[in-house]
$ cat work10.cif   # mmCIF, C-alpha atoms and all ligand atoms
data_run
loop_
_atom_site.group_PDB
_atom_site.id
_atom_site.type_symbol
_atom_site.label_atom_id
_atom_site.label_comp_id
_atom_site.auth_asym_id
_atom_site.auth_seq_id
_atom_site.Cartn_x
_atom_site.Cartn_y
_atom_site.Cartn_z
ATOM 1 C CA MET Q 1 -22.793 1.339 -15.087
ATOM 2 C CA ALA Q 2 -22.476 -2.228 -16.281
ATOM 3 C CA TYR Q 3 -19.552 -4.455 -17.195
ATOM 4 C CA SER Q 4 -20.923 -4.876 -20.735
ATOM 5 C CA GLU Q 5 -20.676 -1.142 -21.392
ATOM 6 C CA GLY Q 6 -16.899 -1.334 -21.127
ATOM 7 C CA TYR Q 7 -16.687 -0.456 -17.466
ATOM 8 C CA GLU Q 8 -14.792 -2.699 -15.090
ATOM 9 C CA TYR Q 9 -17.219 -4.540 -12.842
ATOM 10 C CA HIS Q 10 -16.020 -3.329 -9.420
ATOM 11 C CA ILE Q 11 -13.975 -0.179 -9.941
ATOM 12 C CA HIS Q 12 -16.332 1.280 -12.583
ATOM 13 C CA LEU Q 13 -13.495 2.579 -14.743
ATOM 14 C CA LYS Q 14 -12.966 2.135 -18.476
ATOM 15 C CA GLN Q 15 -9.984 2.449 -20.815
ATOM 16 C CA GLY Q 16 -8.922 6.081 -21.066
ATOM 17 C CA ASP Q 17 -10.135 7.081 -17.590
ATOM 18 C CA ILE Q 18 -6.664 6.826 -16.047
ATOM 19 C CA GLY Q 19 -2.989 6.582 -17.053
ATOM 20 C CA ARG Q 20 -0.378 4.010 -16.068
ATOM 21 C CA TYR Q 21 0.631 5.359 -12.628
ATOM 22 C CA VAL Q 22 -1.723 4.648 -9.714
ATOM 23 C CA PHE Q 23 -1.545 5.293 -5.971
ATOM 24 C CA LEU Q 24 -3.343 2.689 -3.860
ATOM 25 C CA PRO Q 25 -4.566 3.709 -0.393
ATOM 26 C CA GLY Q 26 -6.828 1.325 1.493
ATOM 27 C CA ASP Q 27 -9.251 4.028 2.586
ATOM 28 C CA PRO Q 28 -11.610 5.602 -0.004
ATOM 29 C CA GLY Q 29 -11.572 8.790 2.049
ATOM 30 C CA ARG Q 30 -7.846 9.146 1.439
ATOM 31 C CA CYS Q 31 -8.228 9.395 -2.355
ATOM 32 C CA GLU Q 32 -9.304 13.014 -2.507
ATOM 33 C CA VAL Q 33 -6.570 13.965 -0.017
ATOM 34 C CA ILE Q 34 -3.916 12.315 -2.205
ATOM 35 C CA ALA Q 35 -5.411 13.816 -5.369
ATOM 36 C CA GLN Q 36 -4.972 17.324 -3.950
ATOM 37 C CA HIS Q 37 -1.231 16.788 -4.602
ATOM 38 C CA PHE Q 38 -1.964 16.293 -8.353
ATOM 39 C CA ASP Q 39 -2.358 19.008 -10.972
ATOM 40 C CA ASN Q 40 -5.981 19.209 -12.204
ATOM 41 C CA PRO Q 41 -7.381 16.763 -9.629
ATOM 42 C CA HIS Q 42 -10.808 15.421 -10.495
ATOM 43 C CA PHE Q 43 -13.154 12.734 -9.220
ATOM 44 C CA VAL Q 44 -13.640 9.837 -11.659
ATOM 45 C CA ALA Q 45 -15.745 7.079 -10.086
ATOM 46 C CA SER Q 46 -16.785 5.390 -6.858
ATOM 47 C CA HIS Q 47 -18.260 1.936 -6.384
ATOM 48 C CA ARG Q 48 -18.119 -0.279 -3.272
ATOM 49 C CA GLU Q 49 -14.733 0.390 -1.579
ATOM 50 C CA HIS Q 50 -13.102 1.624 -4.784
ATOM 51 C CA THR Q 51 -13.000 5.385 -5.255
ATOM 52 C CA THR Q 52 -10.873 6.905 -8.023
ATOM 53 C CA TRP Q 53 -9.527 10.409 -8.554
ATOM 54 C CA ALA Q 54 -7.193 11.374 -11.402
ATOM 55 C CA GLY Q 55 -4.914 14.249 -12.370
ATOM 56 C CA GLU Q 56 -1.321 14.820 -13.493
ATOM 57 C CA LEU Q 57 2.154 14.893 -12.024
ATOM 58 C CA ASP Q 58 4.737 16.746 -14.133
ATOM 59 C CA GLY Q 59 2.339 16.595 -17.071
ATOM 60 C CA VAL Q 60 1.816 12.815 -16.854
ATOM 61 C CA PRO Q 61 -1.601 11.270 -16.055
ATOM 62 C CA VAL Q 62 -1.775 9.705 -12.576
ATOM 63 C CA ALA Q 63 -4.631 8.337 -10.508
ATOM 64 C CA VAL Q 64 -5.474 7.179 -7.020
ATOM 65 C CA THR Q 65 -7.847 4.260 -6.387
ATOM 66 C CA SER Q 66 -8.716 2.853 -2.972
ATOM 67 C CA THR Q 67 -8.269 -0.893 -2.527
ATOM 68 C CA GLY Q 68 -10.369 -1.382 0.579
ATOM 69 C CA MET Q 69 -8.920 -3.495 3.378
ATOM 70 C CA GLY Q 70 -7.176 -6.812 2.786
ATOM 71 C CA GLY Q 71 -6.032 -9.023 -0.055
ATOM 72 C CA PRO Q 72 -9.317 -9.944 -1.801
ATOM 73 C CA SER Q 73 -10.477 -6.420 -2.625
ATOM 74 C CA THR Q 74 -6.895 -5.346 -3.387
ATOM 75 C CA ALA Q 75 -6.482 -8.122 -5.946
ATOM 76 C CA ILE Q 76 -9.809 -7.286 -7.602
ATOM 77 C CA CYS Q 77 -8.909 -3.612 -7.726
ATOM 78 C CA VAL Q 78 -5.443 -4.154 -9.207
ATOM 79 C CA GLU Q 79 -6.652 -6.724 -11.770
ATOM 80 C CA GLU Q 80 -9.261 -4.254 -13.015
ATOM 81 C CA LEU Q 81 -6.851 -1.305 -13.014
ATOM 82 C CA ILE Q 82 -4.537 -3.372 -15.224
ATOM 83 C CA HIS Q 83 -7.479 -4.026 -17.579
ATOM 84 C CA VAL Q 84 -7.870 -0.271 -18.070
ATOM 85 C CA GLY Q 85 -4.187 0.338 -18.745
ATOM 86 C CA ALA Q 86 -2.332 0.863 -15.438
ATOM 87 C CA ASP Q 87 1.038 -0.802 -14.860
ATOM 88 C CA THR Q 88 2.695 0.981 -11.936
ATOM 89 C CA PHE Q 89 1.127 0.712 -8.487
ATOM 90 C CA MET Q 90 2.210 2.379 -5.264
ATOM 91 C CA ARG Q 91 0.424 1.421 -2.066
ATOM 92 C CA VAL Q 92 0.284 4.239 0.485
ATOM 93 C CA GLY Q 93 -1.185 3.447 3.862
ATOM 94 C CA THR Q 94 -0.806 2.851 7.567
ATOM 95 C CA SER Q 95 0.997 0.067 9.387
ATOM 96 C CA GLY Q 96 1.778 -1.090 12.902
ATOM 97 C CA ALA Q 97 5.310 -1.017 14.333
ATOM 98 C CA MET Q 98 7.123 -4.320 14.933
ATOM 99 C CA GLN Q 99 10.718 -3.283 15.697
ATOM 100 C CA PRO Q 100 12.097 -1.214 18.615
ATOM 101 C CA GLU Q 101 14.168 1.068 16.366
ATOM 102 C CA THR Q 102 11.139 2.707 14.699
ATOM 103 C CA GLN Q 103 9.216 5.673 16.076
ATOM 104 C CA PRO Q 104 5.629 6.686 15.284
ATOM 105 C CA GLY Q 105 5.846 8.982 12.268
ATOM 106 C CA ASP Q 106 8.791 7.188 10.640
ATOM 107 C CA VAL Q 107 8.044 5.796 7.209
ATOM 108 C CA ALA Q 108 8.531 2.237 5.973
ATOM 109 C CA VAL Q 109 9.436 1.507 2.349
ATOM 110 C CA ILE Q 110 8.354 -2.076 1.843
ATOM 111 C CA ASN Q 111 10.677 -4.367 -0.104
ATOM 112 C CA ALA Q 112 8.809 -7.649 0.460
ATOM 113 C CA ALA Q 113 5.828 -9.015 2.352
ATOM 114 C CA ILE Q 114 5.176 -12.023 4.541
ATOM 115 C CA ARG Q 115 2.290 -13.936 2.968
ATOM 116 C CA ASP Q 116 0.210 -14.302 6.128
ATOM 117 C CA GLU Q 117 -2.945 -14.064 4.028
ATOM 118 C CA GLY Q 118 -5.134 -16.152 1.758
ATOM 119 C CA THR Q 119 -5.537 -14.245 -1.497
ATOM 120 C CA GLY Q 120 -2.004 -14.919 -2.707
ATOM 121 C CA LEU Q 121 -2.621 -18.668 -2.602
ATOM 122 C CA HIS Q 122 -5.166 -18.216 -5.376
ATOM 123 C CA TYR Q 123 -2.277 -17.021 -7.547
ATOM 124 C CA LEU Q 124 0.967 -18.714 -6.526
ATOM 125 C CA PRO Q 125 2.165 -21.421 -4.120
ATOM 126 C CA MET Q 126 3.413 -20.244 -0.712
ATOM 127 C CA GLU Q 127 7.043 -20.810 -1.704
ATOM 128 C CA PHE Q 128 6.833 -17.882 -4.155
ATOM 129 C CA PRO Q 129 7.999 -14.621 -2.516
ATOM 130 C CA ALA Q 130 5.952 -11.414 -2.495
ATOM 131 C CA VAL Q 131 8.506 -8.794 -3.547
ATOM 132 C CA ALA Q 132 8.277 -5.124 -4.515
ATOM 133 C CA ASN Q 133 9.675 -3.569 -7.687
ATOM 134 C CA LEU Q 134 13.197 -2.154 -7.262
ATOM 135 C CA GLU Q 135 12.487 1.050 -9.221
ATOM 136 C CA LEU Q 136 9.633 1.893 -6.860
ATOM 137 C CA ILE Q 137 11.707 1.016 -3.784
ATOM 138 C CA ASN Q 138 14.565 3.248 -4.949
ATOM 139 C CA GLY Q 139 12.220 6.091 -5.910
ATOM 140 C CA LEU Q 140 10.590 6.005 -2.498
ATOM 141 C CA VAL Q 141 13.894 5.887 -0.592
ATOM 142 C CA ASP Q 142 15.243 8.825 -2.592
ATOM 143 C CA ALA Q 143 12.004 10.722 -1.947
ATOM 144 C CA ALA Q 144 12.167 10.043 1.808
ATOM 145 C CA LYS Q 145 15.764 11.288 1.887
ATOM 146 C CA ASP Q 146 14.913 14.420 -0.126
ATOM 147 C CA LEU Q 147 12.021 15.243 2.204
ATOM 148 C CA GLY Q 148 14.089 14.658 5.338
ATOM 149 C CA LYS Q 149 11.946 11.809 6.648
ATOM 150 C CA THR Q 150 13.198 9.141 9.002
ATOM 151 C CA TRP Q 151 12.809 6.093 6.807
ATOM 152 C CA HIS Q 152 13.357 2.337 6.976
ATOM 153 C CA VAL Q 153 13.343 -0.306 4.271
ATOM 154 C CA GLY Q 154 12.022 -3.719 5.150
ATOM 155 C CA VAL Q 155 9.446 -6.444 5.176
ATOM 156 C CA SER Q 156 5.779 -6.074 6.068
ATOM 157 C CA GLN Q 157 3.585 -8.774 7.540
ATOM 158 C CA SER Q 158 0.460 -8.848 5.366
ATOM 159 C CA LYS Q 159 -2.228 -10.508 7.427
ATOM 160 C CA ASP Q 160 -5.939 -11.158 6.979
ATOM 161 C CA SER Q 161 -6.986 -10.375 10.552
ATOM 162 C CA PHE Q 162 -6.498 -6.908 12.048
ATOM 163 C CA TYR Q 163 -7.617 -8.213 15.435
ATOM 164 C CA GLY Q 164 -5.326 -11.210 15.151
ATOM 165 C CA GLN Q 165 -2.622 -8.552 15.497
ATOM 166 C CA HIS Q 166 -4.325 -6.286 18.044
ATOM 167 C CA ASP Q 167 -6.288 -8.782 20.173
ATOM 168 C CA PRO Q 168 -4.674 -12.210 19.666
ATOM 169 C CA ASP Q 169 -5.563 -13.392 23.165
ATOM 170 C CA SER Q 170 -9.253 -13.264 22.291
ATOM 171 C CA MET Q 171 -8.717 -15.723 19.443
ATOM 172 C CA PRO Q 172 -8.997 -19.485 19.903
ATOM 173 C CA ILE Q 173 -5.608 -19.778 18.176
ATOM 174 C CA GLY Q 174 -4.054 -16.969 20.265
ATOM 175 C CA PRO Q 175 -0.914 -18.930 21.288
ATOM 176 C CA ARG Q 176 -0.215 -19.777 17.647
ATOM 177 C CA LEU Q 177 -0.684 -16.126 16.632
ATOM 178 C CA HIS Q 178 1.784 -15.042 19.346
ATOM 179 C CA GLU Q 179 4.305 -17.683 18.283
ATOM 180 C CA ARG Q 180 4.145 -16.621 14.646
ATOM 181 C CA TRP Q 181 4.279 -12.887 15.507
ATOM 182 C CA ASP Q 182 7.411 -13.533 17.604
ATOM 183 C CA ALA Q 183 8.972 -15.311 14.632
ATOM 184 C CA TRP Q 184 8.203 -12.410 12.283
ATOM 185 C CA VAL Q 185 9.756 -9.978 14.792
ATOM 186 C CA LYS Q 186 12.857 -12.127 15.275
ATOM 187 C CA GLY Q 187 13.193 -12.284 11.481
ATOM 188 C CA GLY Q 188 13.318 -8.484 11.380
ATOM 189 C CA CYS Q 189 9.836 -7.821 9.987
ATOM 190 C CA LEU Q 190 9.428 -4.044 10.075
ATOM 191 C CA VAL Q 191 5.671 -3.433 10.123
ATOM 192 C CA SER Q 192 2.285 -5.112 9.978
ATOM 193 C CA GLU Q 193 -0.398 -4.226 7.445
ATOM 194 C CA MET Q 194 -2.843 -6.073 5.197
ATOM 195 C CA GLU Q 195 -2.377 -5.547 1.445
ATOM 196 C CA CYS Q 196 1.260 -5.597 0.292
ATOM 197 C CA ALA Q 197 1.544 -9.367 -0.189
ATOM 198 C CA ALA Q 198 -1.435 -9.615 -2.534
ATOM 199 C CA LEU Q 199 -0.319 -6.486 -4.401
ATOM 200 C CA PHE Q 200 3.275 -7.661 -4.871
ATOM 201 C CA LEU Q 201 2.189 -11.133 -6.020
ATOM 202 C CA LEU Q 202 -0.094 -9.514 -8.621
ATOM 203 C CA GLY Q 203 2.987 -7.596 -9.723
ATOM 204 C CA SER Q 204 4.823 -10.836 -10.430
ATOM 205 C CA VAL Q 205 1.911 -12.658 -12.045
ATOM 206 C CA ARG Q 206 0.716 -9.789 -14.250
ATOM 207 C CA ARG Q 207 4.205 -8.339 -14.924
ATOM 208 C CA VAL Q 208 3.439 -4.895 -13.514
ATOM 209 C CA ARG Q 209 5.421 -2.741 -11.079
ATOM 210 C CA THR Q 210 4.234 -2.678 -7.472
ATOM 211 C CA GLY Q 211 5.582 -1.076 -4.321
ATOM 212 C CA GLY Q 212 4.471 0.512 -1.102
ATOM 213 C CA ILE Q 213 5.218 3.101 1.523
ATOM 214 C CA MET Q 214 3.638 2.932 4.942
ATOM 215 C CA MET Q 215 3.254 5.361 7.796
ATOM 216 C CA ILE Q 216 4.501 3.591 10.947
ATOM 217 C CA MET Q 217 2.000 3.828 13.802
ATOM 218 C CA GLY Q 218 2.373 2.680 17.379
ATOM 219 C CA HIS Q 219 5.215 0.954 19.179
ATOM 220 C CA HIS Q 220 6.612 -2.554 18.739
ATOM 221 C CA ASP Q 221 5.536 -3.434 22.300
ATOM 222 C CA PHE Q 222 2.039 -1.950 21.859
ATOM 223 C CA THR Q 223 2.579 0.787 24.470
ATOM 224 C CA PRO Q 224 0.080 3.592 23.779
ATOM 225 C CA MET Q 225 1.164 6.559 21.674
ATOM 226 C CA THR Q 226 1.381 10.045 23.164
ATOM 227 C CA ASP Q 227 -0.681 12.832 21.572
ATOM 228 C CA GLU Q 228 2.502 14.058 19.866
ATOM 229 C CA GLU Q 229 3.189 10.604 18.448
ATOM 230 C CA LYS Q 230 -0.397 10.330 17.219
ATOM 231 C CA GLU Q 231 0.034 13.634 15.402
ATOM 232 C CA ALA Q 232 3.389 12.569 13.911
ATOM 233 C CA SER Q 233 1.976 9.291 12.613
ATOM 234 C CA LYS Q 234 -1.049 10.722 10.789
ATOM 235 C CA VAL Q 235 -1.221 9.074 7.391
ATOM 236 C CA ASP Q 236 -1.304 12.471 5.676
ATOM 237 C CA ASN Q 237 2.369 12.845 6.601
ATOM 238 C CA VAL Q 238 3.450 9.969 4.344
ATOM 239 C CA ILE Q 239 1.540 11.168 1.259
ATOM 240 C CA PRO Q 240 4.155 13.757 0.130
ATOM 241 C CA VAL Q 241 6.805 11.012 0.165
ATOM 242 C CA ALA Q 242 4.648 8.771 -2.015
ATOM 243 C CA ILE Q 243 3.998 11.649 -4.432
ATOM 244 C CA GLU Q 244 7.689 12.515 -4.670
ATOM 245 C CA GLY Q 245 8.568 8.823 -5.067
ATOM 246 C CA MET Q 246 6.152 8.514 -7.995
ATOM 247 C CA ARG Q 247 7.605 11.671 -9.564
ATOM 248 C CA LYS Q 248 11.012 10.001 -9.473
ATOM 249 C CA VAL Q 249 9.669 6.835 -11.108
ATOM 250 C CA ILE Q 250 7.990 8.964 -13.801
ATOM 251 C CA ALA Q 251 11.212 10.929 -14.383
ATOM 252 C CA ALA Q 252 13.260 7.722 -14.695
ATOM 253 C CA ASP Q 253 10.734 6.301 -17.185
ATOM 254 C CA ARG Q 254 10.926 9.515 -19.187
ATOM 255 C CA ALA Q 255 14.721 9.451 -19.247
ATOM 256 C CA ARG Q 256 14.664 5.835 -20.412
ATOM 257 C CA ALA Q 257 12.164 6.588 -23.158
HETATM 258 O O1 LIG V 301 -4.248 2.478 5.955
HETATM 259 P P1 LIG V 301 -4.584 1.370 5.032
HETATM 260 O O2 LIG V 301 -4.086 1.590 3.640
HETATM 261 O O3 LIG V 301 -6.054 1.002 5.025
HETATM 262 O O4 LIG V 301 -3.809 0.079 5.593
HETATM 263 C C1 LIG V 301 -3.936 -0.495 6.864
HETATM 264 O O5 LIG V 301 -5.069 -0.079 7.627
HETATM 265 C C2 LIG V 301 -6.120 -1.062 7.582
HETATM 266 C C3 LIG V 301 -6.383 -1.586 8.962
HETATM 267 O O6 LIG V 301 -6.707 -0.565 9.836
HETATM 268 C C4 LIG V 301 -5.608 -2.150 6.640
HETATM 269 O O7 LIG V 301 -6.081 -1.901 5.357
HETATM 270 C C5 LIG V 301 -4.127 -1.999 6.782
HETATM 271 O O8 LIG V 301 -3.339 -2.551 5.763
HETATM 272 O O1 LIG V 302 -1.331 -1.720 13.566
HETATM 273 C C1 LIG V 302 -1.778 -1.569 12.424
HETATM 274 C C2 LIG V 302 -1.920 -0.302 11.834
HETATM 275 C C3 LIG V 302 -2.409 -0.229 10.580
HETATM 276 N N1 LIG V 302 -2.751 -1.363 9.929
HETATM 277 C C4 LIG V 302 -2.618 -2.583 10.471
HETATM 278 O O2 LIG V 302 -2.936 -3.598 9.858
HETATM 279 N N2 LIG V 302 -2.135 -2.654 11.718
#
$ encode --input "work10.cif" --output "structure tokens" --more "lines below"
Ligand SMILES: O=P(O)(O)O[C@H]1O[C@H](CO)[C@@H](O)[C@H]1O
Ligand SMILES: O=c1cc[nH]c(=O)[nH]1
Amino acid sequence: MAYSEGYEYHIHLKQGDIGRYVFLPGDPGRCEVIAQHFDNPHFVASHREHTTWAGELDGVPVAVTSTGMGGPSTAICVEELIHVGADTFMRVGTSGAMQPETQPGDVAVINAAIRDEGTGLHYLPMEFPAVANLELINGLVDAAKDLGKTWHVGVSQSKDSFYGQHDPDSMPIGPRLHERWDAWVKGGCLVSEMECAALFLLGSVRRVRTGGIMMIMGHHDFTPMTDEEKEASKVDNVIPVAIEGMRKVIAADRARA
């Protein structure tokens, strides 16, 4: 499939393949799992790290496309999804705990992201905040309440280096990574992940709605999880909240129309 045939270069989708509402996991393997919550789930395309499934929720077309890991592939994915008609994006993924009050298996609704990454600088100066859309935040909080989840709303640290978080001492700039991490924690940053900042900045620049819900894994002090905690923090457990949150956004759009 080539760009000139009307297909987007990386995601291999064209106008009409999907509707306006899209879930965005990082992992291509998570797409089919999410799509099983749709009516009429069907595979649409897969190229590089971007796999797409589509279906319906309450009679409205929805899709799920994987972003891959980090800002660059997320920005490419979202730009191309906008080209084919999407305008509402909900990231659903995993994140690492940063505050003592969270437990593995709690969910984090992200309202803003620390721009500890490089992609956003190709769009907007560092002074510009990476913020989520309020309708998506509210839909996700209401969904978490309805489903009886323990939920938190807060900021994510979107970083470019997974091992800068998990193995900072091995990095030549380890002391600087520790100092910055301590500052994020003292500022109340809820979780660490890798895509929200780029996604939210795209939301501002392209005037589309973006938000995210994250499964919280691990402990703020990096103590190992028990087997029970590992089970509780499986990413599959956050998917129903994302689905219900999107249903609420769709219902609110319908009521407004
Ligand atoms: O579970 P996903 O959506 O991939 O998100 C998190 O997991 C990956 C790192 O393991 C990064 O992409 C991070 O943001
Ligand atoms: O600790 C974690 C877990 C998921 N994703 C991250 O980036 N960090």
$ resolve_selection --input "work10.cif" --expression "the PyMOL selection byres (((chain Q and resi 143) around 12) and not hetatm)" --output "PyMOL selection string"
chain Q and resi 107+109+136-142+144-151+213+238-249
$ closest_residue --input "work10.cif" --among "Q:Asp160, Q:Asp17, Q:Glu229, Q:Asp253" --to "ligand LIG 301 (chain V)" --atoms "only C-alpha atoms and all ligand atoms"
Q:Asp160
$ residues_near_ligand --input "work10.cif" --ligand "ligand LIG 301 (chain V)" --cutoff "9 Å" --atoms "only C-alpha atoms and all ligand atoms" --output "ChimeraX atom specification"
/Q:24-28,30,66-71,91-96,158-159,161-162,192-196,214-215,235
$ resolve_selection --input "work10.cif" --expression "the PyMOL selection byres (((chain Q and resi 10-16) around 9) and not hetatm)" --output "list of chain:residue names"
Q:Met1, Q:Ala2, Q:Tyr3, Q:Glu5, Q:Gly6, Q:Tyr7, Q:Glu8, Q:Tyr9, Q:Asp17, Q:Ile18, Q:Gly19, Q:Val44, Q:Ala45, Q:Ser46, Q:His47, Q:Arg48, Q:Glu49, Q:His50, Q:Thr51, Q:Thr52, Q:Thr65, Q:Ile76, Q:Cys77, Q:Glu80, Q:Leu81, Q:His83, Q:Val84, Q:Gly85
$ atom_distance --input "work10.cif" --atom1 "atom C4 of ligand LIG 302 (chain V)" --atom2 "CA of Glu135 in chain Q"
25.1 Å
$ atom_distance --input "work10.cif" --atom1 "CA of Thr88 in chain Q" --atom2 "CA of Met217 in chain Q"
25.9 Å
$ axis_aligned_box --input "work10.cif" --around "ligand LIG 302 (chain V)" --padding-each-side "6 Å" --output "AutoDock Vina command-line options"
--center_x -2.1 --center_y -1.9 --center_z 11.7 --size_x 13.6 --size_y 15.4 --size_z 15.7
$ closest_residue --input "work10.cif" --among "Q:Gln157, Q:Gly105, Q:Ile34, Q:Ala63" --to "Lys234 in chain Q" --atoms "all atoms listed in the file"
Q:Gly105
$ resolve_selection --input "work10.cif" --expression "the PyMOL selection byres (((chain Q and resi 101) around 10) and not hetatm)" --output "JSON, numbers by chain"
{"Q": [97, 98, 99, 100, 102, 103, 106, 152, 190, 219, 220]}
$ atom_distance --input "work10.cif" --atom1 "CA of Ala113 in chain Q" --atom2 "CA of Val62 in chain Q"
25.1 Å
$ closest_residue --input "work10.cif" --among "Q:Arg256, Q:Arg206, Q:Arg176, Q:His166" --to "ligand LIG 302 (chain V)" --atoms "all atoms listed in the file"
Q:His166
$ closest_residue --input "work10.cif" --among "Q:Gly120, Q:Pro175, Q:Gly187, Q:Gly164" --to "ligand LIG 302 (chain V)" --atoms "only C-alpha atoms and all ligand atoms"
Q:Gly164
$ decode --input "work10.cif" --residues "range 118-130 of chain Q" --atoms "N, CA and C atoms" --output "compact mmCIF listing (two decimals), in the first residue's frame"
# COMPACT_ATOMS: atom_id res chain seq x y z
N GLY Q 118 11.33 14.87 23.75
CA GLY Q 118 11.80 15.75 22.68
C GLY Q 118 10.81 16.06 21.58
N THR Q 119 9.83 15.19 21.36
CA THR Q 119 8.93 15.38 20.23
C THR Q 119 8.15 16.69 20.33
N GLY Q 120 7.68 17.00 21.52
CA GLY Q 120 6.87 18.20 21.71
C GLY Q 120 7.57 19.47 21.29
N LEU Q 121 8.90 19.48 21.40
CA LEU Q 121 9.66 20.68 21.02
C LEU Q 121 9.65 20.92 19.52
N HIS Q 122 9.24 19.92 18.76
CA HIS Q 122 9.10 20.12 17.32
C HIS Q 122 7.74 20.76 16.99
N TYR Q 123 6.93 20.95 18.03
CA TYR Q 123 5.61 21.56 17.84
C TYR Q 123 5.49 22.91 18.56
N LEU Q 124 5.88 22.94 19.82
CA LEU Q 124 5.62 24.12 20.65
C LEU Q 124 6.78 24.33 21.63
N PRO Q 125 7.07 25.59 21.97
CA PRO Q 125 8.12 25.85 22.96
C PRO Q 125 7.78 25.19 24.31
N MET Q 126 8.81 24.97 25.12
CA MET Q 126 8.66 24.25 26.39
C MET Q 126 7.68 24.93 27.35
N GLU Q 127 7.51 26.24 27.19
CA GLU Q 127 6.60 26.95 28.11
C GLU Q 127 5.14 26.53 27.90
N PHE Q 128 4.82 25.94 26.75
CA PHE Q 128 3.43 25.59 26.46
C PHE Q 128 3.07 24.29 27.18
N PRO Q 129 1.98 24.28 27.96
CA PRO Q 129 1.66 23.07 28.74
C PRO Q 129 1.03 21.97 27.89
N ALA Q 130 1.28 20.73 28.29
CA ALA Q 130 0.65 19.57 27.64
C ALA Q 130 -0.54 19.18 28.50
